[in-house]
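S.K.: Can you read through this structure? Questions will come right after.
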Amino acid sequence: MKILLTGGTGYIGSHTAVELIERGYEIEILDNLFNSKITVLDDIEKITGVKPKFHKVDLLDVLAMEKVFEEGKFDLVIHFAGLKAVGESVEKPLKYYENNVGGTINLLKCMKKYGVNKIVFSSSATVYGDQGVAELTEDMQTGVGITNPYGETKHVIEEILKDVAEADQKFEATILRYFNPVGAHKSGLIGEDPNDIPNNLMPIIMKVSTGEIKELSVYGDDYDTPDGTGMRDYIHVVDLARGHVAAIEKMKPGVSIYNLGTGKATSVLEMVAAFEKASGGKKLTYKIVGRRAGDLPKIFANPTKAKKELEWETELTIEDAMDDTINYLKHYTEKK
Ligand code: NAD
Ligand code: UD1
């Protein structure tokens, strides 16, 4: 099976590339390098022995994308490419709708033109909005109470995929709703570039540990959770990557939706403590500040459907994620 990874040099795409290559899949990567570096390809080669064919192409450049499809003869697309900075999406909504929704429409038209009818899409737990409960299952209604344009783009793309599947019986789409990806490949060669998204917890913890940010602001300690801080389902990025391998092996006509998460929620202070433990007891400076607008107290995946239908479940722990993050940070700071 030949697979095109859009956004394949990014954080989740690069880890998925490694897992796919290690299982013998032939892959090519398309990315405009807006939020990733070309050197990721060398790192993938160092890990797997294979350097994937790369196309520096933007999803908004239809002609360039068609050329990739014409030559590629792909069987399936895993669609990671997209902008993901929540705060920026509030300031620049059109940029987000154009890139994420417009880019996906271009991709789907291109797939149709070149007879590719299988797609795996990177969605997010954000599509659930506020359900009033912490444990989220795939059959819940989505799209209500999403607090930012980034999240809206994920919901809209999910709806587009459903409509396309309705119109074309041969179309196979798997929507993967990621919870909070953390960690890095155990080699330390690939991971999340902490310069990319300054608003998520892990990249901020990374920057506090390197001294680039003075302290972590913990957004609220008055939630109805055991230590009062917000709780999320943090999934090791390598487990997440393996979820994609499981998904492509079980594709079926129509739209299938899966949560990719651990089923467990961890608080901000527990994450801080786990990071400190992994760094040999070195303290991470933090202060408690007010709640962040749009934050929920606690959410986590119910991963039962993925376990049953994809025969996939997470294997790695928060401790693994912290060890791998610290190892990656060492490599990252050496490279700089
Ligand atoms: P990332 O920014 O590291 O990777 C995305 C890649 O897409 C980047 O390499 C970027 O250059 C590329 N890209 C963006 N727009 C493009 C365009 N128009 N044409 C070509 N390439 C383009 O992000 P990631 O964390 O690896 O996320 C991958 C996907 O998963 C995204 O769609 C993201 O929204 C989704 N997701 C991420 C998280 C998370 O917390 N990281 C959570 C849920 C969902
Ligand atoms: C955020 C986005 C969500 C997006 C996801 C992945 C918001 C409201 N939600 O989710 O739409 O899909 O990122 O990109 O922006 N925290 C701190 N201090 C910080 C940063 C985070 O205490 O400096 C806390 C948060 O309050 C939360 C937890 O850490 O409890 C995780 O935050 P984050 O990494 O931003 O992820 P989400 O809030 O789940």
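Please note that chains go A, B, ... in the order of the structure tokens, that every chain numbers its residues from 1, and that ligands are numbered from 1 in the order shown.
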Give me, as a tab-separated table, the closest atom pair and its distance (Å, one decimal) for every residue of chain A within a cut-off of 7 Å of ligand 1, counting only C-alpha atoms and all ligand atoms, rows sorted by chain and rising number.
M.R.:
residue	atom	partner	partner_atom_place_in_ligand_line	distance
A:Thr6	CA	ligand 1	21 (N)	6.2
A:Gly7	CA	ligand 1	7 (O)	3.5
A:Gly8	CA	ligand 1	9 (O)	6.2
A:Thr9	CA	ligand 1	9 (O)	4.8
A:Gly10	CA	ligand 1	3 (O)	3.4
A:Tyr11	CA	ligand 1	26 (O)	3.6
A:Ile12	CA	ligand 1	26 (O)	3.7
A:Gly13	CA	ligand 1	26 (O)	5.4
A:Leu30	CA	ligand 1	20 (C)	6.4
A:Asp31	CA	ligand 1	21 (N)	3.7
A:Asn32	CA	ligand 1	20 (C)	4.1
A:Leu33	CA	ligand 1	11 (O)	3.9
A:Phe34	CA	ligand 1	11 (O)	3.7
A:Asn35	CA	ligand 1	11 (O)	3.7
A:Ser36	CA	ligand 1	9 (O)	4.2
A:Val57	CA	ligand 1	20 (C)	5.8
A:Asp58	CA	ligand 1	19 (N)	3.5
A:Leu59	CA	ligand 1	19 (N)	4.0
A:Leu60	CA	ligand 1	18 (N)	5.7
A:Phe80	CA	ligand 1	29 (C)	4.1
A:Ala81	CA	ligand 1	7 (O)	3.3
A:Gly82	CA	ligand 1	14 (C)	3.9
A:Leu83	CA	ligand 1	14 (C)	5.0
A:Lys84	CA	ligand 1	34 (O)	4.6
A:Asn99	CA	ligand 1	18 (N)	5.1
A:Asn100	CA	ligand 1	18 (N)	7.0
A:Gly103	CA	ligand 1	18 (N)	5.8
A:Ser122	CA	ligand 1	30 (O)	4.7
A:Ser123	CA	ligand 1	44 (C)	5.0
A:Ser124	CA	ligand 1	43 (C)	4.0
A:Ala125	CA	ligand 1	43 (C)	6.7
A:Arg177	CA	ligand 1	43 (C)	6.8
A:Tyr178	CA	ligand 1	43 (C)	4.8
A:Phe179	CA	ligand 1	42 (C)	6.1
A:Asn180	CA	ligand 1	40 (O)	5.2
A:Pro181	CA	ligand 1	40 (O)	5.3
A:Glu192	CA	ligand 1	3 (O)	6.7
S.K.: For the selection you just gave me, I'd like the residues written to a file as a short mmCIF file (atom, residue, chain, number, x, y, z; two decimals), in the first residue's frame, keeping N, CA, C and O atoms.
M.R.:
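The file below, part-v2.cif, is the result:
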data_model
loop_
_atom_site.label_atom_id
_atom_site.label_comp_id
_atom_site.auth_asym_id
_atom_site.auth_seq_id
_atom_site.Cartn_x
_atom_site.Cartn_y
_atom_site.Cartn_z
N THR A 6 0.03 14.06 4.25
CA THR A 6 0.09 15.52 4.20
C THR A 6 0.48 15.98 5.61
O THR A 6 0.04 15.39 6.60
N GLY A 7 1.33 16.99 5.71
CA GLY A 7 1.78 17.42 7.04
C GLY A 7 2.70 16.40 7.69
O GLY A 7 2.85 16.38 8.91
N GLY A 8 3.33 15.58 6.88
CA GLY A 8 4.11 14.45 7.40
C GLY A 8 5.44 14.81 8.02
O GLY A 8 6.07 13.96 8.66
N THR A 9 5.90 16.06 7.86
CA THR A 9 7.13 16.45 8.56
C THR A 9 6.80 17.08 9.92
O THR A 9 7.71 17.42 10.68
N GLY A 10 5.53 17.23 10.24
CA GLY A 10 5.12 17.82 11.52
C GLY A 10 5.28 16.82 12.67
O GLY A 10 5.79 15.70 12.49
N TYR A 11 4.84 17.25 13.82
CA TYR A 11 5.03 16.48 15.07
C TYR A 11 4.40 15.07 14.98
O TYR A 11 5.09 14.06 15.07
N ILE A 12 3.10 15.02 14.75
CA ILE A 12 2.43 13.71 14.75
C ILE A 12 2.74 12.96 13.44
O ILE A 12 2.96 11.75 13.43
N GLY A 13 2.79 13.71 12.32
CA GLY A 13 3.07 13.10 11.02
C GLY A 13 4.41 12.40 10.99
O GLY A 13 4.54 11.29 10.46
N LEU A 30 3.95 15.18 1.88
CA LEU A 30 3.67 16.49 1.29
C LEU A 30 3.54 17.49 2.44
O LEU A 30 2.77 17.25 3.38
N ASP A 31 4.30 18.56 2.40
CA ASP A 31 4.22 19.57 3.47
C ASP A 31 4.74 20.88 2.90
O ASP A 31 5.65 20.88 2.07
N ASN A 32 4.19 21.98 3.36
CA ASN A 32 4.72 23.28 2.89
C ASN A 32 5.81 23.81 3.83
O ASN A 32 6.31 24.92 3.63
N LEU A 33 6.13 23.03 4.86
CA LEU A 33 7.19 23.38 5.83
C LEU A 33 6.90 24.67 6.60
O LEU A 33 7.79 25.29 7.15
N PHE A 34 5.63 25.04 6.65
CA PHE A 34 5.23 26.22 7.42
C PHE A 34 5.55 26.02 8.90
O PHE A 34 5.99 26.93 9.58
N ASN A 35 5.30 24.81 9.38
CA ASN A 35 5.51 24.57 10.81
C ASN A 35 6.39 23.34 11.08
O ASN A 35 6.22 22.66 12.09
N SER A 36 7.27 23.05 10.15
CA SER A 36 8.19 21.92 10.36
C SER A 36 9.43 22.14 9.53
O SER A 36 9.47 23.03 8.68
N VAL A 57 4.97 21.22 -0.96
CA VAL A 57 3.77 21.68 -1.67
C VAL A 57 2.75 22.16 -0.65
O VAL A 57 2.62 21.59 0.44
N ASP A 58 2.03 23.22 -1.02
CA ASP A 58 0.98 23.76 -0.16
C ASP A 58 -0.37 23.18 -0.62
O ASP A 58 -0.62 23.08 -1.83
N LEU A 59 -1.21 22.85 0.35
CA LEU A 59 -2.55 22.32 0.01
C LEU A 59 -3.36 23.32 -0.80
O LEU A 59 -4.31 22.94 -1.49
N LEU A 60 -3.01 24.58 -0.70
CA LEU A 60 -3.77 25.59 -1.45
C LEU A 60 -3.27 25.72 -2.89
O LEU A 60 -3.89 26.41 -3.70
N PHE A 80 -2.69 15.06 7.88
CA PHE A 80 -2.29 15.77 9.10
C PHE A 80 -2.23 17.28 8.88
O PHE A 80 -2.32 18.04 9.84
N ALA A 81 -1.97 17.70 7.63
CA ALA A 81 -1.63 19.11 7.39
C ALA A 81 -2.73 20.05 7.87
O ALA A 81 -3.91 19.86 7.56
N GLY A 82 -2.33 21.05 8.62
CA GLY A 82 -3.29 22.03 9.09
C GLY A 82 -2.60 22.97 10.06
O GLY A 82 -1.52 22.66 10.57
N LEU A 83 -3.23 24.11 10.26
CA LEU A 83 -2.73 25.05 11.27
C LEU A 83 -3.42 24.72 12.59
O LEU A 83 -4.59 24.35 12.60
N LYS A 84 -2.71 24.88 13.70
CA LYS A 84 -3.27 24.36 14.96
C LYS A 84 -3.15 25.30 16.17
O LYS A 84 -3.41 24.88 17.30
N ASN A 99 -6.96 27.71 5.15
CA ASN A 99 -5.91 26.68 5.14
C ASN A 99 -6.49 25.29 5.47
O ASN A 99 -6.24 24.34 4.74
N ASN A 100 -7.22 25.20 6.56
CA ASN A 100 -7.64 23.88 7.03
C ASN A 100 -8.83 23.35 6.23
O ASN A 100 -8.79 22.22 5.74
N GLY A 103 -7.95 23.87 2.28
CA GLY A 103 -6.90 22.90 1.93
C GLY A 103 -7.45 21.49 1.84
O GLY A 103 -7.08 20.72 0.95
N SER A 122 -6.88 13.78 10.76
CA SER A 122 -6.49 14.19 12.11
C SER A 122 -7.52 15.14 12.70
O SER A 122 -7.47 16.34 12.45
N SER A 123 -8.44 14.61 13.48
CA SER A 123 -9.38 15.50 14.16
C SER A 123 -8.96 15.65 15.61
O SER A 123 -7.85 15.26 15.98
N SER A 124 -9.82 16.21 16.41
CA SER A 124 -9.42 16.57 17.76
C SER A 124 -10.59 16.40 18.73
O SER A 124 -11.76 16.56 18.34
N ALA A 125 -10.26 16.16 19.97
CA ALA A 125 -11.28 16.09 21.02
C ALA A 125 -12.04 17.41 21.14
O ALA A 125 -13.14 17.45 21.70
N ARG A 177 -9.98 11.21 16.44
CA ARG A 177 -10.07 12.35 17.36
C ARG A 177 -8.99 12.21 18.41
O ARG A 177 -9.10 11.39 19.33
N TYR A 178 -7.94 13.01 18.22
CA TYR A 178 -6.81 12.93 19.15
C TYR A 178 -7.15 13.65 20.44
O TYR A 178 -7.74 14.73 20.43
N PHE A 179 -6.69 13.08 21.55
CA PHE A 179 -6.73 13.82 22.80
C PHE A 179 -5.40 14.60 22.90
O PHE A 179 -5.05 15.25 21.94
N ASN A 180 -4.69 14.64 23.98
CA ASN A 180 -3.54 15.57 24.06
C ASN A 180 -2.22 14.85 23.81
O ASN A 180 -1.70 14.21 24.74
N PRO A 181 -1.67 14.97 22.61
CA PRO A 181 -0.42 14.26 22.31
C PRO A 181 0.76 14.89 23.04
O PRO A 181 0.92 16.12 23.07
N GLU A 192 8.19 17.29 19.45
CA GLU A 192 7.46 18.53 19.19
C GLU A 192 8.42 19.71 19.35
O GLU A 192 9.00 19.90 20.42
#
S.K.: 6 Å from ligand 2 is the threshold here; counting only C-alpha atoms and all ligand atoms, which polymer residues fall inside it? Answer as an MDAnalysis selection string.
M.R.: chainID A and resid 84 86 124 126 151 199:201 216:219 230:232 268 294:295
S.K.: For the residues in that selection, give me N, CA, C and O atoms as a compact mmCIF listing (two decimals), in the first residue's frame.
M.R.:
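And here's part-v6.txt as it stands now:
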# COMPACT_ATOMS: atom_id res chain seq x y z
N LYS A 84 -2.71 24.88 13.70
CA LYS A 84 -3.27 24.36 14.96
C LYS A 84 -3.15 25.30 16.17
O LYS A 84 -3.41 24.88 17.30
N VAL A 86 -4.48 27.61 18.55
CA VAL A 86 -5.84 28.00 18.92
C VAL A 86 -5.99 29.52 19.04
O VAL A 86 -6.91 30.12 18.48
N SER A 124 -9.82 16.21 16.41
CA SER A 124 -9.42 16.57 17.76
C SER A 124 -10.59 16.40 18.73
O SER A 124 -11.76 16.56 18.34
N THR A 126 -11.48 18.47 20.58
CA THR A 126 -12.11 19.78 20.65
C THR A 126 -13.49 19.78 19.98
O THR A 126 -14.35 20.59 20.34
N GLY A 151 -10.98 24.83 16.31
CA GLY A 151 -11.87 23.71 16.62
C GLY A 151 -13.00 23.59 15.61
O GLY A 151 -13.38 22.49 15.20
N ASN A 199 1.10 27.79 23.31
CA ASN A 199 -0.03 27.81 24.25
C ASN A 199 -0.36 26.48 24.92
O ASN A 199 -1.14 26.44 25.85
N ASN A 200 0.21 25.38 24.42
CA ASN A 200 -0.11 24.08 25.00
C ASN A 200 0.81 23.77 26.18
O ASN A 200 1.92 24.28 26.27
N LEU A 201 0.31 22.93 27.06
CA LEU A 201 1.02 22.69 28.32
C LEU A 201 2.43 22.13 28.14
O LEU A 201 3.39 22.67 28.70
N LEU A 216 5.79 28.54 34.53
CA LEU A 216 4.53 28.04 33.98
C LEU A 216 3.39 28.71 34.73
O LEU A 216 3.39 28.74 35.96
N SER A 217 2.43 29.25 33.98
CA SER A 217 1.21 29.73 34.62
C SER A 217 0.20 28.59 34.61
O SER A 217 -0.19 28.12 33.55
N VAL A 218 -0.18 28.14 35.78
CA VAL A 218 -1.19 27.07 35.88
C VAL A 218 -2.55 27.75 35.87
O VAL A 218 -2.87 28.54 36.77
N TYR A 219 -3.34 27.41 34.84
CA TYR A 219 -4.62 28.11 34.65
C TYR A 219 -5.71 27.58 35.57
O TYR A 219 -6.57 26.82 35.17
N GLY A 230 -6.83 21.62 36.00
CA GLY A 230 -7.51 20.99 34.87
C GLY A 230 -6.93 19.62 34.55
O GLY A 230 -5.72 19.39 34.72
N MET A 231 -7.79 18.73 34.08
CA MET A 231 -7.33 17.37 33.77
C MET A 231 -7.58 17.03 32.31
O MET A 231 -8.65 17.32 31.77
N ARG A 232 -6.58 16.40 31.69
CA ARG A 232 -6.67 16.02 30.28
C ARG A 232 -6.15 14.60 30.09
O ARG A 232 -5.44 14.07 30.94
N VAL A 268 -2.80 19.14 35.70
CA VAL A 268 -1.63 19.98 35.37
C VAL A 268 -0.53 19.76 36.41
O VAL A 268 0.65 19.55 36.06
N GLY A 294 -12.51 29.32 27.97
CA GLY A 294 -12.76 28.19 27.06
C GLY A 294 -12.27 26.85 27.59
O GLY A 294 -12.54 25.81 26.99
N ASP A 295 -11.54 26.84 28.70
CA ASP A 295 -11.03 25.57 29.24
C ASP A 295 -12.12 24.78 29.95
O ASP A 295 -12.97 25.35 30.64
S.K.: Which residues are near range 186-191 of chain A? Cut-off 8 Å, only C-alpha atoms, ignore same chain within fewer than 5 positions. Put them as a list in words.
M.R.: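 The neighbour list is Tyr11, Ser14, His15, Val40, Asp43, Ile44, Ile47, Asp324, Thr325, Asn327, Tyr328, Leu329, Lys330, His331 and Tyr332 of chain A.
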S.K.: Return the single residue from A:Thr153, A:Asn148, A:Asn259, A:Thr304 that is closest to Val90 in chain A, with distances computed using only C-alpha atoms.
M.R.: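 Smallest distance to Val90 in chain A is found for A:Asn148.
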S.K.: What residues in range 77-322 of chain A get the DSSP label strand (DSSP E or B)? Please answer as a VMD selection string.
M.R.: chain A and resid 77 to 79 118 to 124 135 to 136 172 to 178 180 to 182 216 to 219 231 to 232 234 to 236 254 to 260 266 to 267 286 to 289 298 300 to 301
S.K.: Which is closer to Val289 in chain A than all the others in A:Leu260, A:Val245, A:Ser209, A:Asp222, using only C-alpha atoms?
M.R.: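 The answer is A:Asp222, which sits nearest to Val289 in chain A.
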S.K.: Go through A:Pro93, A:Gly87, A:Gly263, A:Gly24 and flag the residue nearest Leu136 in chain A, using only C-alpha atoms for the distances.
M.R.: A:Gly263
S.K.: One decimal, in Å: what's the spacing between CA of Val144 in chain A and CA of Asn106 in chain A?
M.R.: 26.1 Å
S.K.: Given the choices A:Asp75, A:Glu22, A:Glu309, A:Glu215, which gets closest to Lys112 in chain A if the distance is worked out from only C-alpha atoms?
M.R.: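 Answer, going by the shortest atom-to-atom distance: A:Asp75.
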S.K.: Extract, using only C-alpha atoms, all DNA, RNA and protein residues at most 9 Å from Phe121 in chain A, discarding same-chain residues fewer than 6 positions from it, and format them as an MDAnalysis selection string.
M.R.: chainID A and resid 77:80 157:158 173:177
S.K.: Generate the output file for the selected residues, N, CA, C and O atoms, as a compact mmCIF listing (two decimals), in the first residue's frame.
M.R.:
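Resulting contents of again.txt:
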# COMPACT_ATOMS: atom_id res chain seq x y z
N VAL A 77 -4.53 8.40 1.77
CA VAL A 77 -3.92 9.65 2.27
C VAL A 77 -4.15 9.73 3.78
O VAL A 77 -5.27 9.48 4.26
N ILE A 78 -3.10 10.06 4.53
CA ILE A 78 -3.30 10.42 5.94
C ILE A 78 -3.10 11.94 6.00
O ILE A 78 -2.04 12.45 5.65
N HIS A 79 -4.16 12.61 6.41
CA HIS A 79 -4.21 14.07 6.28
C HIS A 79 -3.96 14.76 7.62
O HIS A 79 -4.89 15.03 8.38
N PHE A 80 -2.69 15.06 7.88
CA PHE A 80 -2.29 15.77 9.10
C PHE A 80 -2.23 17.28 8.88
O PHE A 80 -2.32 18.04 9.84
N ILE A 157 -14.64 19.98 8.83
CA ILE A 157 -14.02 18.96 7.97
C ILE A 157 -14.65 17.59 8.23
O ILE A 157 -14.90 16.82 7.30
N GLU A 158 -14.94 17.29 9.49
CA GLU A 158 -15.63 16.02 9.78
C GLU A 158 -16.95 15.95 9.01
O GLU A 158 -17.30 14.91 8.43
N ALA A 173 -13.45 6.92 4.87
CA ALA A 173 -12.79 7.94 5.69
C ALA A 173 -12.74 7.47 7.14
O ALA A 173 -13.75 6.99 7.68
N THR A 174 -11.58 7.59 7.74
CA THR A 174 -11.46 7.33 9.17
C THR A 174 -11.06 8.63 9.85
O THR A 174 -10.04 9.23 9.51
N ILE A 175 -11.91 9.04 10.78
CA ILE A 175 -11.66 10.27 11.53
C ILE A 175 -11.08 9.87 12.88
O ILE A 175 -11.70 9.11 13.63
N LEU A 176 -9.89 10.39 13.17
CA LEU A 176 -9.26 10.08 14.46
C LEU A 176 -9.31 11.32 15.33
O LEU A 176 -8.77 12.37 14.95
N ARG A 177 -9.98 11.21 16.44
CA ARG A 177 -10.07 12.35 17.36
C ARG A 177 -8.99 12.21 18.41
O ARG A 177 -9.10 11.39 19.33
S.K.: I'd like the contact shell of Thr266 in chain A - 9 Å cut-off, only C-alpha atoms, skipping same-chain residues fewer than 3 positions apart - returned as a list in words.
M.R.: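 What passes the distance filter is Gly230, Met231, Arg232, Asp233, Tyr234, Leu269, Glu270, Met271, Lys298, Phe300 and Ile318 of chain A.
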S.K.: Between CA of Pro303 in chain A and CA of Ile119 in chain A, what is the distance in Å, rounded to a tenth?
M.R.: 20.8 Å
S.K.: Kindly give the distance, in Å, that separates CA of Glu212 in chain A and CA of Tyr286 in chain A, rounded to a single decimal.
M.R.: 13.6 Å
S.K.: With distances taken over only C-alpha atoms, which residue among A:Gly143, A:Gly243, A:Pro297, A:Pro203 lies nearest Tyr128 in chain A?
M.R.: A:Gly143
S.K.: From the list A:Val101, A:Gln141, A:Phe74, A:Glu159, which residue is nearest Glu26 in chain A when using only C-alpha atoms?
M.R.: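 The closest residue to Glu26 in chain A is A:Phe74.
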